[in-house]
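Participant: Hey, dropping model.cif in here, mmCIF, C-alpha atoms; chains and numbers go by the auth columns:
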```cif
data_structure
loop_
_atom_site.group_PDB
_atom_site.id
_atom_site.type_symbol
_atom_site.label_atom_id
_atom_site.label_comp_id
_atom_site.label_asym_id
_atom_site.label_seq_id
_atom_site.Cartn_x
_atom_site.Cartn_y
_atom_site.Cartn_z
_atom_site.B_iso_or_equiv
_atom_site.auth_seq_id
_atom_site.auth_asym_id
ATOM 1 C CA MET A 1 120.728 50.052 121.670 0.00 1 A
ATOM 2 C CA THR A 2 118.963 49.453 124.984 0.00 2 A
ATOM 3 C CA ASP A 3 115.261 48.627 125.283 0.00 3 A
ATOM 4 C CA SER A 4 114.667 52.111 126.674 0.00 4 A
ATOM 5 C CA GLN A 5 116.393 53.705 123.685 0.00 5 A
ATOM 6 C CA ARG A 6 114.370 51.565 121.267 0.00 6 A
ATOM 7 C CA VAL A 7 111.106 52.579 122.927 0.00 7 A
ATOM 8 C CA LYS A 8 112.155 56.233 122.799 0.00 8 A
ATOM 9 C CA ALA A 9 113.146 55.962 119.122 0.00 9 A
ATOM 10 C CA ALA A 10 109.853 54.218 118.274 0.00 10 A
ATOM 11 C CA GLY A 11 107.914 56.956 120.061 0.00 11 A
ATOM 12 C CA ALA A 12 109.809 59.641 118.142 0.00 12 A
ATOM 13 C CA LYS A 13 109.127 57.893 114.835 0.00 13 A
ATOM 14 C CA ARG A 14 105.426 57.561 115.643 0.00 14 A
ATOM 15 C CA ARG A 15 105.282 61.276 116.536 0.00 15 A
ATOM 16 C CA ARG A 16 107.027 62.175 113.235 0.00 16 A
ATOM 17 C CA LEU A 17 104.466 60.098 111.357 0.00 17 A
ATOM 18 C CA MET A 18 101.568 61.770 113.174 0.00 18 A
ATOM 19 C CA SER A 19 102.971 65.235 112.482 0.00 19 A
ATOM 20 C CA ALA A 20 103.585 64.374 108.824 0.00 20 A
ATOM 21 C CA ALA A 21 100.082 62.900 108.520 0.00 21 A
ATOM 22 C CA ALA A 22 98.545 66.103 109.894 0.00 22 A
ATOM 23 C CA ARG A 23 100.556 68.257 107.495 0.00 23 A
ATOM 24 C CA VAL A 24 100.124 66.136 104.357 0.00 24 A
ATOM 25 C CA VAL A 25 96.416 65.438 104.910 0.00 25 A
ATOM 26 C CA HIS A 26 95.875 69.175 105.418 0.00 26 A
ATOM 27 C CA GLU A 27 97.705 69.985 102.203 0.00 27 A
ATOM 28 C CA GLN A 28 96.336 67.194 99.996 0.00 28 A
ATOM 29 C CA GLY A 29 93.143 66.004 101.671 0.00 29 A
ATOM 30 C CA ALA A 30 92.495 62.563 103.109 0.00 30 A
ATOM 31 C CA GLU A 31 91.391 60.930 99.873 0.00 31 A
ATOM 32 C CA ARG A 32 94.376 62.071 97.785 0.00 32 A
ATOM 33 C CA THR A 33 96.979 61.317 100.434 0.00 33 A
ATOM 34 C CA THR A 34 98.755 57.974 100.298 0.00 34 A
ATOM 35 C CA ILE A 35 100.680 56.158 102.981 0.00 35 A
ATOM 36 C CA ALA A 36 103.778 56.663 100.811 0.00 36 A
ATOM 37 C CA ASP A 37 103.201 60.463 100.876 0.00 37 A
ATOM 38 C CA ILE A 38 103.156 60.434 104.663 0.00 38 A
ATOM 39 C CA ALA A 39 106.174 58.124 104.896 0.00 39 A
ATOM 40 C CA ARG A 40 108.126 60.439 102.577 0.00 40 A
ATOM 41 C CA ALA A 41 107.152 63.543 104.588 0.00 41 A
ATOM 42 C CA ALA A 42 108.169 61.826 107.843 0.00 42 A
ATOM 43 C CA ASP A 43 111.375 60.463 106.297 0.00 43 A
ATOM 44 C CA VAL A 44 110.356 56.930 107.275 0.00 44 A
ATOM 45 C CA PRO A 45 110.495 53.880 104.985 0.00 45 A
ATOM 46 C CA VAL A 46 107.000 52.979 103.773 0.00 46 A
ATOM 47 C CA GLY A 47 107.250 49.479 105.229 0.00 47 A
ATOM 48 C CA ASN A 48 107.889 50.937 108.686 0.00 48 A
ATOM 49 C CA VAL A 49 104.642 52.920 108.579 0.00 49 A
ATOM 50 C CA TYR A 50 102.628 49.702 108.808 0.00 50 A
ATOM 51 C CA TYR A 51 104.288 48.886 112.117 0.00 51 A
ATOM 52 C CA TYR A 52 102.590 51.966 113.619 0.00 52 A
ATOM 53 C CA PHE A 53 99.487 52.395 111.446 0.00 53 A
ATOM 54 C CA LYS A 54 97.843 49.491 109.622 0.00 54 A
ATOM 55 C CA THR A 55 95.558 51.545 107.346 0.00 55 A
ATOM 56 C CA LYS A 56 95.327 54.983 105.832 0.00 56 A
ATOM 57 C CA ASP A 57 92.286 55.646 108.036 0.00 57 A
ATOM 58 C CA GLU A 58 94.474 55.030 111.093 0.00 58 A
ATOM 59 C CA LEU A 59 96.852 57.676 109.728 0.00 59 A
ATOM 60 C CA VAL A 60 93.946 60.092 109.206 0.00 60 A
ATOM 61 C CA ALA A 61 92.872 59.415 112.800 0.00 61 A
ATOM 62 C CA ALA A 62 96.486 60.101 113.825 0.00 62 A
ATOM 63 C CA ALA A 63 96.347 63.398 111.902 0.00 63 A
ATOM 64 C CA LEU A 64 93.215 64.357 113.839 0.00 64 A
ATOM 65 C CA ALA A 65 94.913 63.401 117.104 0.00 65 A
ATOM 66 C CA GLU A 66 97.835 65.613 116.107 0.00 66 A
ATOM 67 C CA HIS A 67 95.453 68.513 115.377 0.00 67 A
ATOM 68 C CA ALA A 68 93.960 68.008 118.864 0.00 68 A
ATOM 69 C CA ARG A 69 97.444 67.952 120.408 0.00 69 A
ATOM 70 C CA GLN A 70 98.442 71.139 118.580 0.00 70 A
ATOM 71 C CA LEU A 71 95.211 72.817 119.711 0.00 71 A
ATOM 72 C CA GLU A 72 95.975 71.859 123.319 0.00 72 A
ATOM 73 C CA VAL A 73 99.455 73.379 122.987 0.00 73 A
ATOM 74 C CA ILE A 74 98.034 76.609 121.530 0.00 74 A
ATOM 75 C CA THR A 75 95.280 76.965 124.122 0.00 75 A
ATOM 76 C CA GLY A 76 97.736 76.064 126.883 0.00 76 A
ATOM 77 C CA GLU A 77 99.965 78.941 125.801 0.00 77 A
ATOM 78 C CA LEU A 78 96.962 81.272 125.510 0.00 78 A
ATOM 79 C CA ASP A 79 95.827 80.279 129.017 0.00 79 A
ATOM 80 C CA ARG A 80 98.915 82.082 130.350 0.00 80 A
ATOM 81 C CA LEU A 81 97.491 85.411 129.194 0.00 81 A
ATOM 82 C CA PRO A 82 95.925 87.444 132.022 0.00 82 A
ATOM 83 C CA SER A 83 92.333 87.771 130.828 0.00 83 A
ATOM 84 C CA PRO A 84 89.855 85.742 128.776 0.00 84 A
ATOM 85 C CA ARG A 85 89.470 88.647 126.317 0.00 85 A
ATOM 86 C CA GLU A 86 93.241 88.691 125.727 0.00 86 A
ATOM 87 C CA ARG A 87 93.200 84.894 125.319 0.00 87 A
ATOM 88 C CA LEU A 88 90.468 85.125 122.667 0.00 88 A
ATOM 89 C CA LYS A 89 92.232 87.961 120.892 0.00 89 A
ATOM 90 C CA GLY A 90 95.442 85.906 120.986 0.00 90 A
ATOM 91 C CA LEU A 91 93.570 83.052 119.348 0.00 91 A
ATOM 92 C CA VAL A 92 92.359 85.370 116.586 0.00 92 A
ATOM 93 C CA ARG A 93 95.871 86.789 116.123 0.00 93 A
ATOM 94 C CA GLY A 94 97.085 83.211 115.670 0.00 94 A
ATOM 95 C CA TRP A 95 94.483 82.688 112.960 0.00 95 A
ATOM 96 C CA ILE A 96 95.627 85.864 111.233 0.00 96 A
ATOM 97 C CA ASP A 97 99.264 84.748 111.479 0.00 97 A
ATOM 98 C CA GLN A 98 98.294 81.546 109.619 0.00 98 A
ATOM 99 C CA ARG A 99 96.595 83.505 106.803 0.00 99 A
ATOM 100 C CA ASP A 100 98.883 82.249 104.022 0.00 100 A
ATOM 101 C CA MET A 101 98.335 78.634 105.066 0.00 101 A
ATOM 102 C CA ALA A 102 94.570 79.194 105.307 0.00 102 A
ATOM 103 C CA ALA A 103 94.494 80.807 101.857 0.00 103 A
ATOM 104 C CA ARG A 104 96.306 77.833 100.376 0.00 104 A
ATOM 105 C CA PHE A 105 94.722 74.921 102.271 0.00 105 A
ATOM 106 C CA GLY A 106 91.899 76.178 104.527 0.00 106 A
ATOM 107 C CA CYS A 107 91.478 75.324 108.201 0.00 107 A
ATOM 108 C CA PRO A 108 93.296 72.063 108.996 0.00 108 A
ATOM 109 C CA THR A 109 90.433 70.548 110.978 0.00 109 A
ATOM 110 C CA GLY A 110 87.521 72.244 109.230 0.00 110 A
ATOM 111 C CA THR A 111 88.512 71.175 105.727 0.00 111 A
ATOM 112 C CA LEU A 112 89.179 67.633 106.933 0.00 112 A
ATOM 113 C CA ALA A 113 85.836 67.525 108.765 0.00 113 A
ATOM 114 C CA ALA A 114 84.041 68.600 105.570 0.00 114 A
ATOM 115 C CA GLU A 115 85.851 65.941 103.548 0.00 115 A
ATOM 116 C CA LEU A 116 85.227 63.175 106.083 0.00 116 A
ATOM 117 C CA ASP A 117 81.543 64.090 106.291 0.00 117 A
ATOM 118 C CA LYS A 118 81.166 62.686 102.786 0.00 118 A
ATOM 119 C CA ARG A 119 81.865 59.211 104.197 0.00 119 A
ATOM 120 C CA ALA A 120 79.541 56.960 106.160 0.00 120 A
ATOM 121 C CA GLU A 121 78.561 58.450 109.509 0.00 121 A
ATOM 122 C CA GLY A 122 80.049 57.306 112.774 0.00 122 A
ATOM 123 C CA GLY A 123 83.698 57.020 111.788 0.00 123 A
ATOM 124 C CA LEU A 124 86.383 59.597 111.297 0.00 124 A
ATOM 125 C CA ASP A 125 83.762 62.318 110.844 0.00 125 A
ATOM 126 C CA VAL A 126 82.969 61.954 114.548 0.00 126 A
ATOM 127 C CA GLU A 127 86.663 62.256 115.412 0.00 127 A
ATOM 128 C CA ALA A 128 86.924 65.488 113.391 0.00 128 A
ATOM 129 C CA GLY A 129 83.895 66.832 115.241 0.00 129 A
ATOM 130 C CA ARG A 130 85.597 66.084 118.564 0.00 130 A
ATOM 131 C CA VAL A 131 88.578 68.229 117.627 0.00 131 A
ATOM 132 C CA ILE A 132 86.321 71.124 116.664 0.00 132 A
ATOM 133 C CA ARG A 133 84.406 70.595 119.924 0.00 133 A
ATOM 134 C CA LEU A 134 87.689 71.027 121.854 0.00 134 A
ATOM 135 C CA LEU A 135 88.063 74.487 120.330 0.00 135 A
ATOM 136 C CA LEU A 136 84.415 75.394 120.914 0.00 136 A
ATOM 137 C CA ASP A 137 84.612 74.317 124.564 0.00 137 A
ATOM 138 C CA TRP A 138 87.781 76.331 125.182 0.00 138 A
ATOM 139 C CA VAL A 139 86.281 79.448 123.546 0.00 139 A
ATOM 140 C CA GLU A 140 83.042 78.986 125.502 0.00 140 A
ATOM 141 C CA ARG A 141 85.026 78.838 128.787 0.00 141 A
ATOM 142 C CA GLN A 142 86.601 82.194 127.937 0.00 142 A
ATOM 143 C CA PHE A 143 83.224 83.832 127.307 0.00 143 A
ATOM 144 C CA ARG A 144 81.842 82.222 130.473 0.00 144 A
ATOM 145 C CA GLU A 145 84.784 83.599 132.473 0.00 145 A
ATOM 146 C CA MET A 146 83.970 87.045 131.069 0.00 146 A
ATOM 147 C CA GLY A 147 80.490 86.611 132.574 0.00 147 A
ATOM 148 C CA LEU A 148 78.738 87.151 129.254 0.00 148 A
ATOM 149 C CA PRO A 149 75.261 85.776 128.572 0.00 149 A
ATOM 150 C CA ASP A 150 75.048 82.842 126.138 0.00 150 A
ATOM 151 C CA PRO A 151 78.731 81.863 126.134 0.00 151 A
ATOM 152 C CA GLU A 152 77.903 78.820 123.983 0.00 152 A
ATOM 153 C CA GLY A 153 76.308 81.006 121.324 0.00 153 A
ATOM 154 C CA LEU A 154 79.217 83.439 121.414 0.00 154 A
ATOM 155 C CA ALA A 155 81.644 80.534 120.984 0.00 155 A
ATOM 156 C CA LEU A 156 79.691 79.304 117.961 0.00 156 A
ATOM 157 C CA THR A 157 79.778 82.824 116.514 0.00 157 A
ATOM 158 C CA LEU A 158 83.546 83.159 116.934 0.00 158 A
ATOM 159 C CA VAL A 159 84.509 79.676 115.739 0.00 159 A
ATOM 160 C CA GLY A 160 81.947 79.866 112.923 0.00 160 A
ATOM 161 C CA ALA A 161 83.457 83.181 111.800 0.00 161 A
ATOM 162 C CA TYR A 162 86.888 81.539 111.744 0.00 162 A
ATOM 163 C CA GLN A 163 85.639 78.631 109.672 0.00 163 A
ATOM 164 C CA GLY A 164 83.928 81.025 107.278 0.00 164 A
ATOM 165 C CA MET A 165 86.924 83.290 106.827 0.00 165 A
ATOM 166 C CA SER A 166 89.214 80.273 106.351 0.00 166 A
ATOM 167 C CA LEU A 167 86.913 78.830 103.723 0.00 167 A
ATOM 168 C CA LEU A 168 86.627 82.142 101.868 0.00 168 A
ATOM 169 C CA ALA A 169 90.367 82.850 102.069 0.00 169 A
ATOM 170 C CA ASN A 170 90.991 79.380 100.638 0.00 170 A
ATOM 171 C CA ALA A 171 88.322 79.540 97.937 0.00 171 A
ATOM 172 C CA LEU A 172 89.436 82.989 96.796 0.00 172 A
ATOM 173 C CA ARG A 173 93.156 82.371 97.503 0.00 173 A
ATOM 174 C CA ASP A 174 93.183 85.669 99.373 0.00 174 A
ATOM 175 C CA PRO A 175 95.038 85.699 102.715 0.00 175 A
ATOM 176 C CA GLN A 176 93.930 89.280 103.347 0.00 176 A
ATOM 177 C CA ILE A 177 90.431 87.951 104.091 0.00 177 A
ATOM 178 C CA MET A 178 91.923 86.431 107.234 0.00 178 A
ATOM 179 C CA THR A 179 93.511 89.768 108.151 0.00 179 A
ATOM 180 C CA ARG A 180 90.391 91.857 107.549 0.00 180 A
ATOM 181 C CA GLU A 181 87.960 89.466 109.210 0.00 181 A
ATOM 182 C CA GLY A 182 90.359 88.738 112.062 0.00 182 A
ATOM 183 C CA THR A 183 90.630 92.462 112.767 0.00 183 A
ATOM 184 C CA ARG A 184 86.828 92.684 112.702 0.00 184 A
ATOM 185 C CA LEU A 185 86.641 89.802 115.224 0.00 185 A
ATOM 186 C CA MET A 186 89.129 91.488 117.562 0.00 186 A
ATOM 187 C CA ASN A 187 87.103 94.713 117.414 0.00 187 A
ATOM 188 C CA TRP A 188 83.978 92.676 118.202 0.00 188 A
ATOM 189 C CA LEU A 189 85.719 91.076 121.183 0.00 189 A
ATOM 190 C CA ASP A 190 86.738 94.535 122.422 0.00 190 A
ATOM 191 C CA SER A 191 83.114 95.700 122.156 0.00 191 A
ATOM 192 C CA LEU A 192 81.838 92.970 124.508 0.00 192 A
ATOM 193 C CA SER A 193 81.449 94.140 128.101 0.00 193 A
ATOM 194 C CA ASP A 194 82.721 91.971 130.948 0.00 194 A
ATOM 195 C CA ARG A 195 80.106 91.360 133.608 0.00 195 A
#
```
The structure in this file should be written as structure tokens.
Facilitator:
Amino acid sequence: MTDSQRVKAAGAKRRRLMSAAARVVHEQGAERTTIADIARAADVPVGNVYYYFKTKDELVAAALAEHARQLEVITGELDRLPSPRERLKGLVRGWIDQRDMAARFGCPTGTLAAELDKRAEGGLDVEAGRVIRLLLDWVERQFREMGLPDPEGLALTLVGAYQGMSLLANALRDPQIMTREGTRLMNWLDSLSDR
């Protein structure tokens, strides 16, 4: 194997570990997840994990980085839609499409942010907040492009509604909450007048 192939293989293994960390931490929570759980999900020997991530907190940070990467992919795809209203409605449709996952585990970033907030301030809780801020900023840009007053407030309303419906769907184990509330959000978006 050449040096280039080794570097490529190491990068692929690191990416698998990050993806597995995001999935397992979402499903089990940061505190219940072990390095062995993530290694098993990534199909990587446990000893190899330490080559890439020295501590479980580094894996949780990697999970947050993976959530940010996935959000960038989603918003990048939505940015291809012709209007900010359609982009926002596409975002809501994506939330509805994930209703079964939300009912079982909640919002990937929101539930992790709530869990990490129980720790000392200034660590991973800040990183979770940064991922949520990425979503808020993207949503705010859409409302700003629509020319609506108070785009920041509208972004907080939309993202807050998502967090609320995810939490309720999870607490009540009812994916239809995501469908009903998502439909309500799309109707709300349709009611807003472009300026």
Participant: Would you give me, as a tab-separated table, each residue of region 131-186 of chain A having an atom within 10 Å of an atom of region 104-123 of chain A, along with its shortest atom pair and that distance in Å to one decimal, using all atoms listed in the file and sorting by chain and residue number?
Facilitator:
```
residue	atom	partner	partner_atom	distance
A:Val131	CA	A:Thr109	CA	7.3
A:Ile132	CA	A:Thr109	CA	7.0
A:Tyr162	CA	A:Cys107	CA	8.5
A:Gln163	CA	A:Gly110	CA	6.7
A:Gly164	CA	A:Cys107	CA	9.5
A:Met165	CA	A:Gly106	CA	9.0
A:Ser166	CA	A:Gly106	CA	5.2
A:Leu167	CA	A:Gly106	CA	5.7
A:Leu168	CA	A:Gly106	CA	8.4
A:Ala169	CA	A:Gly106	CA	7.3
A:Asn170	CA	A:Gly106	CA	5.1
A:Ala171	CA	A:Gly106	CA	8.2
A:Leu172	CA	A:Arg104	CA	9.3
A:Arg173	CA	A:Arg104	CA	6.2
A:Asp174	CA	A:Arg104	CA	8.5
A:Pro175	CA	A:Arg104	CA	8.3
```
Participant: With all atoms listed in the file as the basis for distance, which of A:Leu17, A:Val60, A:Met101, A:Leu158 is at the shortest distance from Glu31 (chain A)?
Facilitator: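 Smallest separation from Glu31 (chain A) among the options: A:Val60.
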Participant: Which residue is closest to Ser19 (chain A)? Choose from A:Gln5, A:Ser83, A:Gln176, A:Gln70 and count only C-alpha atoms.
Facilitator: A:Gln70
Participant: Between A:Asn48, A:Pro82, A:Ala62, A:Thr183, which one has atoms that come closest to Val24 (chain A), using only C-alpha atoms?
Facilitator: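 Checking each of A:Asn48, A:Pro82, A:Ala62, A:Thr183 against Val24 (chain A), counting only C-alpha atoms, the winner is A:Ala62.
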Participant: For this file, the PyMOL selection byres ((chain A and resi 35) around 8) selects which residues, as a list in words?
Facilitator: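 What the PyMOL selection byres ((chain A and resi 35) around 8) grabs from the file is Thr33, Thr34, Ala36, Asp37, Ile38, Ala39, Val46, Val49, Lys56 and Leu59 of chain A.
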